[in-house]
Structures are given as C-alpha cells and as structure tokens.
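Have a look at data.txt; it's compact mmCIF, C-alpha atoms and all ligand atoms:
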```txt
# COMPACT_ATOMS: atom_id res chain seq x y z
CA MET A 19 72.48 160.44 80.81
CA LEU A 20 69.67 162.44 82.37
CA ARG A 21 70.51 163.03 86.00
CA LYS A 22 68.65 164.39 88.98
CA GLU A 23 70.66 167.61 88.95
CA ASN A 24 69.64 168.25 85.31
CA ILE A 25 65.92 168.40 86.06
CA PRO A 26 65.64 172.06 87.18
CA SER A 27 67.44 173.19 83.99
CA LEU A 28 65.34 170.98 81.74
CA ALA A 29 62.21 172.31 83.43
CA ILE A 30 62.93 175.82 82.15
CA TRP A 31 62.40 174.91 78.51
CA GLU A 32 58.97 174.71 76.95
CA THR A 33 57.98 171.13 76.20
CA PRO A 34 58.08 169.08 74.08
CA PHE A 35 61.69 169.39 72.96
CA TYR A 36 64.58 167.18 71.96
CA TYR A 37 67.46 167.07 74.39
CA TYR A 38 70.86 165.95 73.09
CA ASN A 39 73.66 164.76 75.33
CA LEU A 40 76.77 165.93 73.46
CA ASP A 41 79.12 164.08 75.76
CA LEU A 42 77.47 160.76 74.91
CA LEU A 43 77.49 161.68 71.21
CA ASP A 44 81.24 162.33 71.40
CA ARG A 45 81.91 159.08 73.24
CA THR A 46 79.85 157.17 70.68
CA LEU A 47 81.70 158.79 67.77
CA THR A 48 85.03 157.96 69.41
CA ALA A 49 84.03 154.32 69.94
CA CYS A 50 83.00 153.98 66.30
CA ARG A 51 86.12 155.78 65.08
CA GLN A 52 88.40 153.48 67.11
CA GLY A 53 86.66 150.41 65.68
CA LEU A 54 87.00 151.73 62.13
CA ASP A 55 90.65 152.68 62.56
CA ARG A 56 91.57 149.25 63.90
CA TYR A 57 90.68 147.72 60.52
CA GLY A 58 91.34 150.70 58.23
CA TYR A 59 87.63 151.08 57.39
CA SER A 60 85.87 154.35 56.60
CA ALA A 61 82.34 155.52 57.38
CA HIS A 62 79.70 157.92 56.10
CA PHE A 63 77.01 159.10 58.52
CA ALA A 64 73.45 158.57 57.22
CA LEU A 65 72.05 162.11 57.40
CA LYS A 66 68.50 160.89 57.29
CA ALA A 67 68.83 159.70 60.92
CA ASN A 68 69.48 163.20 62.26
CA ALA A 69 70.19 166.45 60.44
CA GLU A 70 70.50 168.97 63.30
CA PRO A 71 73.32 171.42 62.49
CA ARG A 72 75.18 170.93 65.78
CA ILE A 73 75.04 167.15 65.48
CA LEU A 74 76.27 167.24 61.88
CA GLU A 75 79.08 169.60 62.81
CA ARG A 76 80.41 167.19 65.44
CA ILE A 77 80.09 164.14 63.19
CA CYS A 78 81.90 165.94 60.38
CA GLN A 79 84.67 167.03 62.76
CA ALA A 80 85.05 163.44 63.95
CA GLY A 81 86.11 162.51 60.41
CA PHE A 82 82.97 160.87 59.06
CA GLY A 83 81.71 161.32 55.52
CA ALA A 84 78.01 161.70 54.63
CA ASP A 85 75.50 159.19 53.28
CA CYS A 86 72.61 160.99 51.58
CA VAL A 87 69.29 159.85 50.15
CA SER A 88 68.08 163.08 48.52
CA GLY A 89 69.48 166.05 46.63
CA ASN A 90 68.67 168.32 49.55
CA GLU A 91 70.63 166.03 51.88
CA VAL A 92 73.60 166.26 49.50
CA ALA A 93 73.31 170.07 49.53
CA LEU A 94 72.99 170.07 53.35
CA ALA A 95 76.04 167.82 53.70
CA VAL A 96 78.11 170.18 51.55
CA ARG A 97 76.87 173.24 53.51
CA SER A 98 77.66 171.45 56.78
CA GLY A 99 81.30 171.03 55.80
CA PHE A 100 81.47 167.42 54.63
CA ALA A 101 84.06 167.07 51.87
CA PRO A 102 82.30 166.29 48.55
CA ASP A 103 84.67 163.38 47.98
CA GLN A 104 83.29 161.84 51.18
CA ILE A 105 79.62 162.07 50.17
CA VAL A 106 77.67 159.10 48.81
CA PHE A 107 74.13 159.28 47.42
CA ALA A 108 71.66 156.36 47.45
CA GLY A 109 67.92 156.13 46.79
CA VAL A 110 65.65 154.37 44.29
CA GLY A 111 64.09 157.57 42.95
CA LYS A 112 66.77 160.17 42.30
CA SER A 113 65.25 162.99 40.24
CA ASP A 114 67.15 164.82 37.47
CA ARG A 115 67.36 167.89 39.70
CA GLU A 116 68.85 165.84 42.54
CA ILE A 117 71.36 164.12 40.26
CA ASN A 118 72.46 167.49 38.91
CA ILE A 119 72.98 168.86 42.45
CA ALA A 120 75.23 165.90 43.24
CA LEU A 121 77.12 166.15 39.92
CA GLU A 122 77.75 169.85 40.51
CA ALA A 123 79.01 169.11 44.03
CA GLY A 124 81.34 166.41 42.65
CA ILE A 125 80.32 163.74 45.16
CA PHE A 126 82.31 160.57 45.72
CA SER A 127 79.71 158.09 44.47
CA PHE A 128 76.15 157.63 43.28
CA ASN A 129 74.89 154.36 44.69
CA CYS A 130 72.72 153.30 41.75
CA GLU A 131 69.57 151.30 42.36
CA SER A 132 68.40 150.50 38.82
CA ILE A 133 69.61 150.28 35.22
CA PRO A 134 67.50 153.23 33.95
CA GLU A 135 69.03 155.33 36.74
CA ILE A 136 72.55 154.56 35.44
CA GLU A 137 71.48 155.71 31.98
CA VAL A 138 70.01 158.97 33.29
CA ILE A 139 73.10 159.71 35.43
CA GLY A 140 75.24 159.02 32.35
CA ALA A 141 73.24 161.44 30.20
CA LEU A 142 73.18 164.21 32.83
CA ALA A 143 76.92 163.79 33.54
CA ALA A 144 77.71 163.96 29.82
CA ALA A 145 75.63 167.16 29.55
CA GLN A 146 77.75 168.71 32.31
CA GLY A 147 80.96 167.43 30.67
CA LYS A 148 81.69 165.25 33.71
CA THR A 149 82.24 161.62 34.59
CA ALA A 150 80.05 160.32 37.42
CA ARG A 151 81.54 157.78 39.81
CA ILE A 152 78.95 155.12 40.53
CA ALA A 153 78.58 152.03 42.67
CA LEU A 154 75.93 149.40 42.11
CA ARG A 155 73.60 149.08 45.06
CA ILE A 156 73.05 145.36 45.18
CA ASN A 157 69.98 143.60 46.54
CA PRO A 158 71.65 140.50 48.02
CA ASP A 159 68.39 138.85 49.19
CA VAL A 160 69.54 138.72 52.82
CA ASP A 161 67.01 138.82 55.66
CA ALA A 162 68.00 141.42 58.26
CA HIS A 163 65.67 139.87 60.89
CA THR A 164 64.28 143.28 61.71
CA HIS A 165 60.86 144.95 61.32
CA HIS A 166 59.62 144.50 57.72
CA TYR A 167 59.29 148.27 57.26
CA ILE A 168 63.03 148.74 57.86
CA SER A 169 64.21 145.66 55.99
CA THR A 170 65.67 146.60 52.61
CA GLY A 171 67.80 143.69 51.35
CA LYS A 172 65.22 141.02 50.46
CA LYS A 173 64.46 140.32 46.82
CA GLU A 174 60.88 141.58 47.23
CA ASN A 175 62.08 145.02 48.48
CA LYS A 176 62.23 147.97 46.09
CA PHE A 177 65.91 148.62 46.85
CA GLY A 178 68.95 147.72 44.80
CA ILE A 179 69.90 145.77 41.69
CA SER A 180 69.33 142.02 41.75
CA PRO A 181 71.77 139.42 40.35
CA TRP A 182 69.65 138.72 37.25
CA MET A 183 70.20 142.36 36.21
CA PHE A 184 74.03 142.35 36.56
CA GLU A 185 74.85 141.39 32.97
CA GLN A 186 72.70 144.17 31.54
CA ALA A 187 74.01 146.69 34.08
CA LEU A 188 77.61 145.95 32.98
CA THR A 189 76.65 146.36 29.33
CA VAL A 190 75.08 149.76 30.03
CA ILE A 191 78.11 150.87 32.06
CA ARG A 192 80.53 149.75 29.31
CA ASN A 193 78.52 151.74 26.74
CA THR A 194 78.36 154.89 28.89
CA PRO A 195 81.74 156.64 29.01
CA SER A 196 80.40 159.34 31.36
CA VAL A 197 79.99 156.85 34.22
CA GLU A 198 82.81 155.08 36.02
CA LEU A 199 82.03 152.01 38.13
CA ILE A 200 84.02 152.20 41.37
CA GLY A 201 82.44 149.51 43.48
CA LEU A 202 79.49 147.74 45.03
CA HIS A 203 77.11 148.93 47.73
CA PHE A 204 74.90 146.98 50.13
CA HIS A 205 72.47 148.04 52.88
CA VAL A 206 70.11 145.32 54.07
CA GLY A 207 68.14 146.98 56.85
CA SER A 208 68.13 148.88 60.09
CA GLN A 209 68.02 148.18 63.84
CA ILE A 210 69.94 144.93 63.28
CA THR A 211 70.70 143.43 66.70
CA ASP A 212 71.65 139.93 65.59
CA LEU A 213 75.25 140.40 64.46
CA SER A 214 75.20 137.12 62.52
CA VAL A 215 73.17 139.00 59.87
CA PHE A 216 76.41 140.81 58.97
CA ALA A 217 78.24 137.48 58.66
CA THR A 218 75.53 136.23 56.29
CA LEU A 219 75.75 139.47 54.32
CA CYS A 220 79.55 139.18 53.99
CA LYS A 221 79.31 135.64 52.62
CA ARG A 222 76.83 136.86 49.97
CA VAL A 223 79.10 139.83 49.20
CA ASN A 224 82.05 137.47 48.64
CA GLU A 225 80.03 135.43 46.11
CA ILE A 226 78.69 138.50 44.33
CA GLN A 227 82.12 140.15 44.11
CA GLN A 228 83.50 136.98 42.54
CA TRP A 229 80.92 137.23 39.73
CA PHE A 230 82.29 140.68 38.84
CA VAL A 231 85.95 139.65 39.24
CA ASP A 232 85.36 136.73 36.85
CA ARG A 233 84.29 139.27 34.24
CA GLY A 234 87.39 141.41 34.70
CA VAL A 235 85.59 144.24 36.55
CA LYS A 236 87.70 146.31 38.95
CA LEU A 237 86.03 147.21 42.25
CA PRO A 238 88.29 149.47 44.34
CA HIS A 239 85.48 150.24 46.83
CA LEU A 240 83.00 148.17 48.77
CA ASN A 241 80.28 149.79 50.88
CA LEU A 242 78.42 147.61 53.39
CA GLY A 243 75.85 150.22 54.45
CA GLY A 244 74.56 150.80 57.96
CA GLY A 245 72.08 148.96 60.11
CA LEU A 246 73.70 148.37 63.51
CA GLY A 247 70.92 148.44 66.13
CA ILE A 248 70.74 150.12 69.51
CA ASN A 249 69.31 148.94 72.83
CA TYR A 250 65.86 150.56 73.11
CA LYS A 251 64.95 148.43 76.15
CA HIS A 252 67.90 149.36 78.29
CA PRO A 253 69.23 152.66 76.91
CA THR A 254 70.94 153.79 80.10
CA GLU A 255 72.71 150.53 80.86
CA ASP A 256 73.88 150.09 77.28
CA PRO A 257 74.31 153.52 75.68
CA ILE A 258 77.13 152.75 73.21
CA PRO A 259 76.37 150.23 70.43
CA ASN A 260 78.65 147.31 69.70
CA PHE A 261 80.68 148.84 66.85
CA GLU A 262 83.60 146.56 67.63
CA GLY A 263 81.38 143.47 67.22
CA TRP A 264 80.03 144.77 63.90
CA PHE A 265 83.44 145.46 62.36
CA GLU A 266 84.87 142.25 63.75
CA GLN A 267 82.12 140.21 62.03
CA VAL A 268 83.00 141.91 58.77
CA TYR A 269 86.72 141.41 59.26
CA ARG A 270 86.18 137.71 59.91
CA HIS A 271 83.73 136.93 57.13
CA LEU A 272 84.52 139.31 54.30
CA THR A 273 87.16 138.56 51.68
CA PRO A 274 88.11 141.99 50.33
CA LEU A 275 89.81 142.30 46.96
CA PRO A 276 93.48 143.38 47.10
CA GLY A 277 93.70 147.05 48.07
CA GLN A 278 89.94 147.41 48.34
CA GLN A 279 88.63 150.19 50.61
CA ILE A 280 85.74 149.13 52.88
CA HIS A 281 83.03 151.69 53.75
CA PHE A 282 80.12 151.74 56.23
CA GLU A 283 77.09 153.99 56.62
CA PRO A 284 76.02 154.08 60.28
CA GLY A 285 73.01 156.23 61.11
CA ARG A 286 70.98 155.12 64.12
CA SER A 287 73.96 153.66 65.98
CA LEU A 288 75.79 157.02 66.05
CA VAL A 289 72.95 159.28 67.21
CA GLY A 290 70.11 157.15 68.61
CA GLN A 291 71.00 157.11 72.29
CA CYS A 292 72.23 160.70 72.70
CA GLY A 293 68.75 162.13 72.02
CA HIS A 294 65.70 162.20 74.31
CA LEU A 295 62.28 163.62 73.59
CA ILE A 296 61.30 165.56 76.72
CA SER A 297 57.63 166.01 77.43
CA ARG A 298 55.25 166.92 80.25
CA VAL A 299 52.26 165.14 81.71
CA LEU A 300 49.17 167.13 80.71
CA TYR A 301 46.48 165.00 82.31
CA ILE A 302 45.88 161.75 84.12
CA LYS A 303 42.58 160.33 83.02
CA GLU A 304 41.06 157.49 85.00
CA GLY A 305 39.32 155.06 82.67
CA LEU A 306 37.15 152.16 83.79
CA GLU A 307 39.78 149.57 83.10
CA LYS A 308 42.85 151.66 82.62
CA ARG A 309 44.54 154.86 83.55
CA PHE A 310 45.71 157.16 80.75
CA LEU A 311 48.79 159.30 81.09
CA ILE A 312 48.43 162.04 78.48
CA LEU A 313 51.67 163.69 77.38
CA ASP A 314 52.18 166.92 75.46
CA ALA A 315 54.49 165.10 72.97
CA GLY A 316 52.80 163.20 70.17
CA MET A 317 53.37 161.15 67.07
CA ASN A 318 54.08 164.30 65.08
CA ASP A 319 57.18 164.82 67.27
CA LEU A 320 58.36 161.21 67.14
CA ILE A 321 56.59 158.94 64.70
CA ARG A 322 58.46 155.66 65.22
CA PRO A 323 55.89 154.03 67.54
CA ALA A 324 53.01 154.86 65.18
CA LEU A 325 54.99 153.99 62.05
CA TYR A 326 56.54 150.69 63.07
CA GLN A 327 55.39 149.81 66.55
CA ALA A 328 58.72 150.90 67.94
CA HIS A 329 59.09 151.20 71.69
CA HIS A 330 60.90 154.03 73.46
CA ARG A 331 61.64 153.68 77.15
CA ILE A 332 59.54 156.09 79.16
CA GLU A 333 60.88 157.65 82.33
CA ASN A 334 59.02 160.05 84.60
CA LEU A 335 61.95 162.23 85.64
CA SER A 336 60.02 164.31 88.16
CA ALA A 337 58.47 161.31 89.87
CA SER A 338 61.83 159.55 90.02
CA ASN A 339 63.15 162.67 91.67
CA ARG A 340 60.27 162.77 94.23
CA THR A 341 60.91 159.15 95.17
CA ASP A 342 64.65 159.85 95.26
CA TRP A 343 65.27 157.56 92.24
CA ASN A 344 64.30 154.57 94.32
CA PRO A 345 63.59 151.68 91.92
CA ASP A 346 61.31 150.06 94.53
CA ALA A 347 59.04 153.10 94.85
CA GLU A 348 55.33 152.44 94.38
CA THR A 349 54.25 152.31 90.75
CA LEU A 350 50.97 152.37 88.85
CA ARG A 351 50.13 150.95 85.46
CA TYR A 352 49.48 153.55 82.75
CA GLU A 353 48.57 153.68 79.09
CA VAL A 354 50.77 156.49 77.86
CA VAL A 355 49.38 158.48 74.93
CA GLY A 356 49.98 161.71 73.01
CA PRO A 357 47.58 164.55 72.20
CA VAL A 358 47.24 163.99 68.44
CA CYS A 359 43.84 162.98 67.06
CA GLU A 360 44.85 159.47 65.98
CA SER A 361 44.48 156.27 67.97
CA SER A 362 47.97 155.29 66.83
CA ASP A 363 49.33 158.25 68.82
CA LEU A 364 50.24 155.82 71.57
CA TRP A 365 53.58 155.72 73.41
CA ALA A 366 52.94 152.51 75.35
CA PRO A 367 49.78 150.48 75.99
CA GLU A 368 50.92 149.29 79.41
CA VAL A 369 53.78 150.67 81.39
CA ASP A 370 54.49 150.77 85.12
CA LEU A 371 55.66 154.19 86.27
CA PRO A 372 56.06 155.86 89.64
CA ILE A 373 52.85 157.67 90.65
CA SER A 374 52.65 160.54 88.20
CA GLN A 375 51.12 164.02 88.32
CA ARG A 376 50.15 166.78 85.95
CA GLY A 377 53.26 168.80 85.10
CA ASP A 378 55.79 165.98 85.55
CA LEU A 379 58.69 165.92 83.10
CA VAL A 380 58.82 162.69 81.11
CA ALA A 381 61.68 161.46 78.91
CA LEU A 382 61.19 159.24 75.86
CA HIS A 383 64.65 157.77 75.58
CA SER A 384 66.67 156.68 72.51
CA SER A 385 65.05 159.32 70.31
CA GLY A 386 68.14 160.74 68.61
CA ALA A 387 67.73 158.76 65.39
CA TYR A 388 64.70 159.03 63.08
CA GLY A 389 63.09 161.29 65.69
CA GLN A 390 63.35 165.04 65.26
CA VAL A 391 64.17 164.64 61.58
CA MET A 392 60.78 163.00 60.95
CA GLY A 393 58.92 165.72 62.88
CA MET A 394 55.83 167.06 61.17
CA ARG A 395 53.17 169.67 61.77
CA TYR A 396 50.06 167.45 61.71
CA ASN A 397 47.20 169.08 63.69
CA GLN A 398 49.13 172.35 63.08
CA ARG A 399 51.37 171.49 66.02
CA ASP A 400 54.71 173.25 66.38
CA LEU A 401 57.91 171.36 65.59
CA ALA A 402 59.77 170.34 68.75
CA PRO A 403 63.06 172.29 68.94
CA ALA A 404 66.48 170.98 70.00
CA HIS A 405 68.32 171.76 73.22
CA TYR A 406 71.83 170.60 74.07
CA SER A 407 73.60 169.45 77.21
CA ASP A 408 76.01 172.37 77.06
CA GLU A 409 73.06 174.78 77.48
CA LEU A 410 72.24 173.33 80.91
CA ALA A 411 72.64 175.78 83.75
C1 LIG A 501 69.09 154.50 56.19
C2 LIG A 501 70.33 154.11 55.52
C3 LIG A 501 71.49 153.91 56.25
C4 LIG A 501 71.57 154.04 57.76
O1 LIG A 501 70.93 152.99 58.41
P1 LIG A 501 71.01 152.85 60.01
O2 LIG A 501 70.20 151.65 60.29
O3 LIG A 501 70.43 154.07 60.60
O4 LIG A 501 72.44 152.65 60.38
C5 LIG A 501 72.64 153.57 55.57
N1 LIG A 501 72.65 153.43 54.22
C6 LIG A 501 71.53 153.62 53.47
C7 LIG A 501 71.62 153.48 52.01
C8 LIG A 501 70.36 153.97 54.09
O5 LIG A 501 69.25 154.14 53.36
```
Would you mind writing the file's structure down as structure tokens?
Ligand SMILES: *Cc1c(COP(=O)(O)O)cnc(C)c1O
Amino acid sequence: MLRKENIPSLAIWETPFYYYNLDLLDRTLTACRQGLDRYGYSAHFALKANAEPRILERICQAGFGADCVSGNEVALAVRSGFAPDQIVFAGVGKSDREINIALEAGIFSFNCESIPEIEVIGALAAAQGKTARIALRINPDVDAHTHHYISTGKKENKFGISPWMFEQALTVIRNTPSVELIGLHFHVGSQITDLSVFATLCKRVNEIQQWFVDRGVKLPHLNLGGGLGINYKHPTEDPIPNFEGWFEQVYRHLTPLPGQQIHFEPGRSLVGQCGHLISRVLYIKEGLEKRFLILDAGMNDLIRPALYQAHHRIENLSASNRTDWNPDAETLRYEVVGPVCESSDLWAPEVDLPISQRGDLVALHSSGAYGQVMGMRYNQRDLAPAHYSDELA
C-alpha cells in the first residue's frame, strides 16, 4: 500500500494523479486466477472499470479475456493484445458501426440484450458473409442488494432479455442462419458484498437453463458476469477481494450442463484497490459550524461520490507522516470537498483527520475501478494522469 517511504517520491508529481500499485494488482490477479483454475472457470476483465494501457497489458498477460460494452472498447481490447476469441461484447445499445467492428474482429460472443438487436446482428453478419456467435443476456429479476444505479438484473432495469421474450427470441434465432446461439449471459449488478446474491442468481440460472434444455437448445457456454464488491471502508486491511468465496458459491449452487464452460466478468474486484487518487490540500477554510478541507482533486477526476454517493477512504499522508503514523494522534473534523463548481463535488461531509495543512498529500483510496476511466474535463480541468509504483524513486 502507500507507505511512509513512498511520500517523497509521490510528492514530486503534480497533483492530482492516479497512483497504481502494480504489486497489489499482480497479487489480486493471481488470487483470482487461482480461484478460477480450481474450478476450471474462465474470466473476461470488464474494460469499462479501467482502460489504462499498462493495467490492460498485465491483465491480458495474466490470461484474462476482455468484456466490452462499446465498439471502441472492442477495438482497444484487440489493440491491447486480447485474443479476439476471448472478447465478449454486451450493451443494450450496440450501434451498426460497433457491431461491424466486433464482426470484423471475430469476437467470441455478442451478449444480446434484445430481440431487435439479434435481428440487426444477423443482417450485418450476413452482409459480411459471417456467422455471429451470440449469447442471450438474460434479465433474471434478481436483486443484487447494491445501490440502485449499479443494479442491473431486476425486471424494471433496461438490461437483458426477460423470460416472456424467450420464445420469440428462439424463433428469431432459428430463422437467422447468420447467428449461432452459444449460451446464456447474466450480470445482475456491481459492488455486491453479500455473497448469497450469487447463490440466488445460480438458482435462477438453473431454472432458466432448464427452460432452454426442455426445448432442445444446446448451451455450451454460461457467463455469470461480474459484480464482486471490494472493501471501500477498510481498503488497507482487506485489499484482495474474496474471489474464492464467489467461485465457491457458484460451484455449490450452479448445476452446469454436461461439458459447459463457465465464464465470469470481474471488473471492480480486479483493479479497485490497486488505484489511489492522490491530491493536495489547497486550503483549509474555517466555517461557522464546520471546517472545510479543500482538495485539488474533484468530481471530474473521480465521479463516484457525486454519481452514487460512494465513499472513498481519505488519508492525509503528510499528516500521518508528521505524527509518525500514530493512530491516536490528535484529529479534527473536516468536510472534505473538491474545487469544481458543483455542491455535489464533495468527498466526505464529516471525516476525522489528523490536523491538516495547505500542501499536504491526501490519498483517496480504492479508486482503481470506475475512477480514471470516468475522468472528464468539466470546468476545463486537465485529466489526472497515471503514475505507477515502479516509477517510484
Ligand atoms: C460492468 C460490467 C461488468 C463488471 O462489473 P464489476 O462489478 O465491475 O465486476 C461485467 N459484465 C458486464 C456486462 C458489465 O456491464
């Protein structure tokens, strides 16, 4: 993690920036890989969580495929070295241009989210003289018990094909020789910390698979999506997510068809904890009832708190260093905010930190997933760049 001896090196770089701990990334990839290998499962990294070239390179080298949600992500995955036959493509609104990119690349599977989409993929594949492998992304109506903005598997969500559409979907597939159905796909939400959600999902998957088996449909592949959560409250104590627990739930509750290959799509769990947004204290402003700590990192650098009230642990690295990392050092209560002209540019309404000063280096932990990749230039601010642990002096 971030250690006292790292501070002088971090202090050289202009803030704000993302700092990635490659050693933790490697250990996380290894832990996931070992869990997968125990059960013979395979996994595709969800590129939308982090698309930094050095991160993708390591994930690709560790033997993961790619899970994409846009044509440009498919193109990036191919450019980054992921084998096309390990690339899957989901999303409710795939444009013709995006479908053509994926057809030209020869990806493993389109995860189809509606019946009209299957028809369009069929027509575009036929025009290219190809057969598109597809999986049906199913909406299983399972509650992920997570924030409603990152819940995707309830019947009111826009994602996936619901059971009442199955019959018609099969008819369309049977009448479209340029598509080949290879399996089913599920992804019910993100930041899932209650592992029993995966047990519930598996029981639904078993029922849904049976419906297809009863109609003589062959399903060589089954993709259970991503969603495993990370510990935002205690990132340092608990840096590696419980991959073993996730796969074990699936092993216990899923009834795979004979010879069926099981796939996963982890995003957040692989990259969340290895990234930190590093910022500096610009000002301390004494209010009447509160004390503002104003950072030079804002919602344009990391939008999760403003977008879904997410919390990132805040650590004043310089102050911790001054007090010799003594957890009992005197603290003050701060409202920690960013510089952007929006009241939602708020890191934490109330947080106790060691006495802080202008110029202190502050880390916003657990920022490796859905952080840098969602960066934007609102207020004409610069995009925060990436720095890596192997650049430290
Ligand atoms: C976002 C997404 C994922 C990754 O979700 P995490 O919660 O980051 O693991 C996987 N599959 C699909 C289809 C997605 O949209």
* To do: Within 12 Å of range 215-227 of chain A, counting only C-alpha atoms, which residues show up once you throw out same-chain ones fewer than 6 positions away? Write them as a PyMOL selection string, please.
  => chain A and resi 154-164+169+171-172+179-182+184+201-209+233-247+263-275+278+280+282
* Smallest atom-to-atom distance to Leu364 in chain A: which of A:Leu320, A:Ala64, A:Ala387, A:Ile25, using all atoms listed in the file? ->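 The closest residue to Leu364 in chain A is A:Leu320.
Taking only C-alpha atoms into account, Glu304 in chain A lies nearest to A:Arg351 out of the set A:Glu283, A:Arg351, A:Phe261, A:His62.
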* Write out as a PyMOL selection string the residues lying within 7 Å of Asp314 in chain A, counting all atoms listed in the file and excluding same-chain residues fewer than 3 positions away. => chain A and resi 34+297-300+356-357
* **Residue nearest ligand LIG 501 (chain A) among A:Phe100, A:Phe230, A:Phe63, A:Phe310 (counting all atoms listed in the file)** =>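 So, comparing all the options, the nearest one is A:Phe63.
One distance worth recording is that between CA of Arg286 in chain A and atom O4 of ligand LIG 501 (chain A), which is 4.7 Å.
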